Amino acid sequence: MLRSLARFALFGLIATPFAAPALAQDDPVKGIYAVARAGASISPEQKFDGSSVPLSSLFDDKTKYKTGITGQIGGGYDFGLFRVEQTIGYTSNDLNLKDANTGGLTSAGRSRAFSMTVAGYVDIPVHKIIVPYVGGGIGAARVEANLSRVNSATGVGSSFSGKDWGLMWHADAGIGVRVSRKMTIEVGGRYAQTSGLKYAGESAGVATSFEPKLSTLSATIGVRHVF
């Protein structure tokens, strides 16, 4: 899907100079629209509140994950300079073992999240064809996560696993390229953070709970179509 969107975006950028004279004379259509985005979740991290982690824990305060996939689908309403949008999304990341397996420790882990957010965006009218935008949103995420870290010599470790709902917010910025009166191709970036998560686990054989906070940067290519 990402490859197809990338090709579509490239086509749109190439076609823009030829479409510009005609589009410049026509105002874009406003109203209800559908949107789809796909891309990469870059530099995902998991942080623990130091006060909530037992002293026996083998987890670092900050845990890094590998670049993964992300995407959203949904719809909204375009008022002209301002848009309101609701989407559902998915993000998937695996633990960065190169950073986690240090000091004689063996680690494993991953994070999968389904999200539902409501967002608002401001389209900056610098040009009728190329339109930057900024915005952000808030909602909820259902996060399935597991993480373990074991001392290879002693077999003692820390781990947690489970699913939980958390509060998610995100801030966005990007550029929309208008390829027709109804269709816009966008290239954007997002910073997202999810908090309020709590998972049952253990540390050094003692039952405990962990409250991680997840954050990630993402880069996506998307298509918006007004009906």
# chains A, B, ... in the order shown; residues from 1 in each chain; ligands from 1
>>> residues_around(residues="Ala207 (chain A)", least_positions_apart="4", cutoff="12 Å", atoms="only C-alpha atoms", output="PDB file with C-alpha atoms, in the first residue's frame")
ATOM      1  CA  VAL A  53       9.446   1.028  38.456  1.00  0.00           C
ATOM      2  CA  PRO A  54      10.717  -1.313  41.224  1.00  0.00           C
ATOM      3  CA  SER A  56      14.818  -4.759  41.013  1.00  0.00           C
ATOM      4  CA  SER A  57      13.706  -3.914  37.471  1.00  0.00           C
ATOM      5  CA  GLY A 157      14.653 -10.806  34.846  1.00  0.00           C
ATOM      6  CA  SER A 158      11.784  -8.380  34.436  1.00  0.00           C
ATOM      7  CA  SER A 159       8.790  -8.706  32.154  1.00  0.00           C
ATOM      8  CA  PHE A 160       5.264  -7.527  31.429  1.00  0.00           C
ATOM      9  CA  TYR A 199       0.466  -3.756  32.538  1.00  0.00           C
ATOM     10  CA  ALA A 200       0.840  -6.615  34.991  1.00  0.00           C
ATOM     11  CA  GLY A 201       4.313  -8.134  35.170  1.00  0.00           C
ATOM     12  CA  GLU A 202       7.067  -9.290  37.447  1.00  0.00           C
ATOM     13  CA  SER A 203      10.566  -8.304  38.438  1.00  0.00           C
TER      14      SER A 203
END
>>> select_by_dssp(residues="region 38-187 of chain A", states="helix (DSSP H, G or I)", output="MDAnalysis selection string")
chainID A and resid 50:52 97:100
>>> closest_residue(among="A:Val134, A:Val150, A:Ala113, A:Ile185", to="Ile69 (chain A)", atoms="only C-alpha atoms")
A:Ala113
>>> residues_around(residues="region 86-99 of chain A", least_positions_apart="5", cutoff="10 Å", atoms="only C-alpha atoms", output="VMD selection string")
chain A and resid 34 to 46 63 to 77 106 to 120 137 to 147 216 218
>>> atom_distance(atom1="CA of Arg190 (chain A)", atom2="CA of Ser161 (chain A)")
26.8 Å
>>> atom_distance(atom1="CA of Val29 (chain A)", atom2="CA of Ala219 (chain A)")
26.3 Å
>>> residues_around(residues="Leu197 (chain A)", least_positions_apart="3", cutoff="8 Å", atoms="only C-alpha atoms", output="PyMOL selection string")
chain A and resi 164-166+194+211-213
>>> atom_distance(atom1="CA of Ser180 (chain A)", atom2="CA of Pro28 (chain A)")
7.8 Å
>>> closest_residue(among="A:Gly155, A:Gly189, A:Gly136, A:Gly80", to="Trp169 (chain A)", atoms="only C-alpha atoms")
A:Gly136
